[in-house]
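The structure under discussion appears below in the form of structure tokens.
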Amino acid sequence: IPLGSWTPGFIVCVIGCLIAMWGIVLRKRHHVELVIQRTASVRSGNPDMEEHLRFHQRHNTEIIMLRGLQVGLFLLCYEFARVMLDVHDWKTNPGMHVLYCGFLVFLFFVFAACVPFSVPMFLGVM
């Protein structure tokens with residue numbers, strides 16, 4: 001199976017990660033102080049507070065979301081490089097190739113605008 005046929009999946013993966021990170025940030029802004037208080041209570045030696053913590057509060061789960069984003073962006077960059085350097089497709093169907101490259105460049109601009117703001121905010125509330 002050529003990697004080009006998986007490109008819509010990569011795009012959906014990256015957009016899904018960004019939307020999920022945005023949703024988590026909006027939901028968690030109000031609960032950050034409560035989480036800090038609970039975590040401080042657990043670290044101070046109160047064992048009954050650990051059972052009240054959620055899974056993502058006991059473990060480092062934000063890495064899963066960030067790795068998904070990283071893999072999706074890497075595969076999109078790989079696909080863009082493959083499309084740009086595919087001489088045969090440039091000779092056989094240049095119009096469609098230009099549209100596809102333009103779409104990928106547009107996606108990169110959107111990601112370049114979203115990622116620098118969403119990732120630090122996501123890490124801040126996690």
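By order of appearance in the structure tokens: chains A, B, ..., then residues from 1 within every chain, and ligands from 1 in the order shown.
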
Give me the residues of range 57-119 of chain A that have any atom at most 8 Å from an atom of range 18-26 of chain A; for each, the nearest atom pair and the distance in Å, rounded to one decimal. Use only C-alpha atoms, sort by chain and number, and format it as CSV.
```
residue,atom,partner,partner_atom,distance
A:Met65,CA,A:Met21,CA,7.8
A:Leu69,CA,A:Leu18,CA,7.6
A:Cys114,CA,A:Leu18,CA,7.9
A:Val115,CA,A:Leu18,CA,7.6
A:Ser118,CA,A:Trp22,CA,6.5
A:Val119,CA,A:Met21,CA,7.5
```

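Residues surrounding range 9-11 of chain A within 9 Å are Ser5, Trp6, Thr7, Cys13, Val14, Ile15, Gly16, Val71, Gly72, Leu73, Leu75, Leu76 and Leu107 of chain A [only C-alpha atoms; sequence separation below 2 positions excluded].
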
Those same residues, written as a short mmCIF file (atom, residue, chain, number, x, y, z; two decimals), in the first residue's frame with C-alpha atoms?
```
data_model
loop_
_atom_site.label_atom_id
_atom_site.label_comp_id
_atom_site.auth_asym_id
_atom_site.auth_seq_id
_atom_site.Cartn_x
_atom_site.Cartn_y
_atom_site.Cartn_z
CA SER A 5 -3.11 6.67 0.20
CA TRP A 6 -2.72 7.12 3.97
CA THR A 7 -2.31 10.91 3.75
CA CYS A 13 -4.72 12.35 13.02
CA VAL A 14 -2.96 15.71 13.32
CA ILE A 15 -6.18 17.74 13.24
CA GLY A 16 -7.75 15.35 15.75
CA VAL A 71 4.16 11.15 14.25
CA GLY A 72 1.34 12.72 12.26
CA LEU A 73 3.35 15.86 11.47
CA LEU A 75 4.39 11.65 8.12
CA LEU A 76 2.80 14.75 6.57
CA LEU A 107 -2.01 22.74 5.93
#
```

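When only C-alpha atoms are used to compute distances to Phe80 in chain A, the closest of the residues A:Ala112, A:Leu99, A:Val125, A:Leu104 turns out to be A:Leu104.
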
| field | Length of the CA of Val110 in chain A to CA of Arg67 in chain A vector [Å] | value | 19.2 Å

| query | So how many Å separate CA of Ile64 in chain A and CA of Tyr78 in chain A, to one decimal? | reply | 21.0 Å

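One finds CA of Phe122 in chain A at 10.9 Å from CA of Cys17 in chain A.
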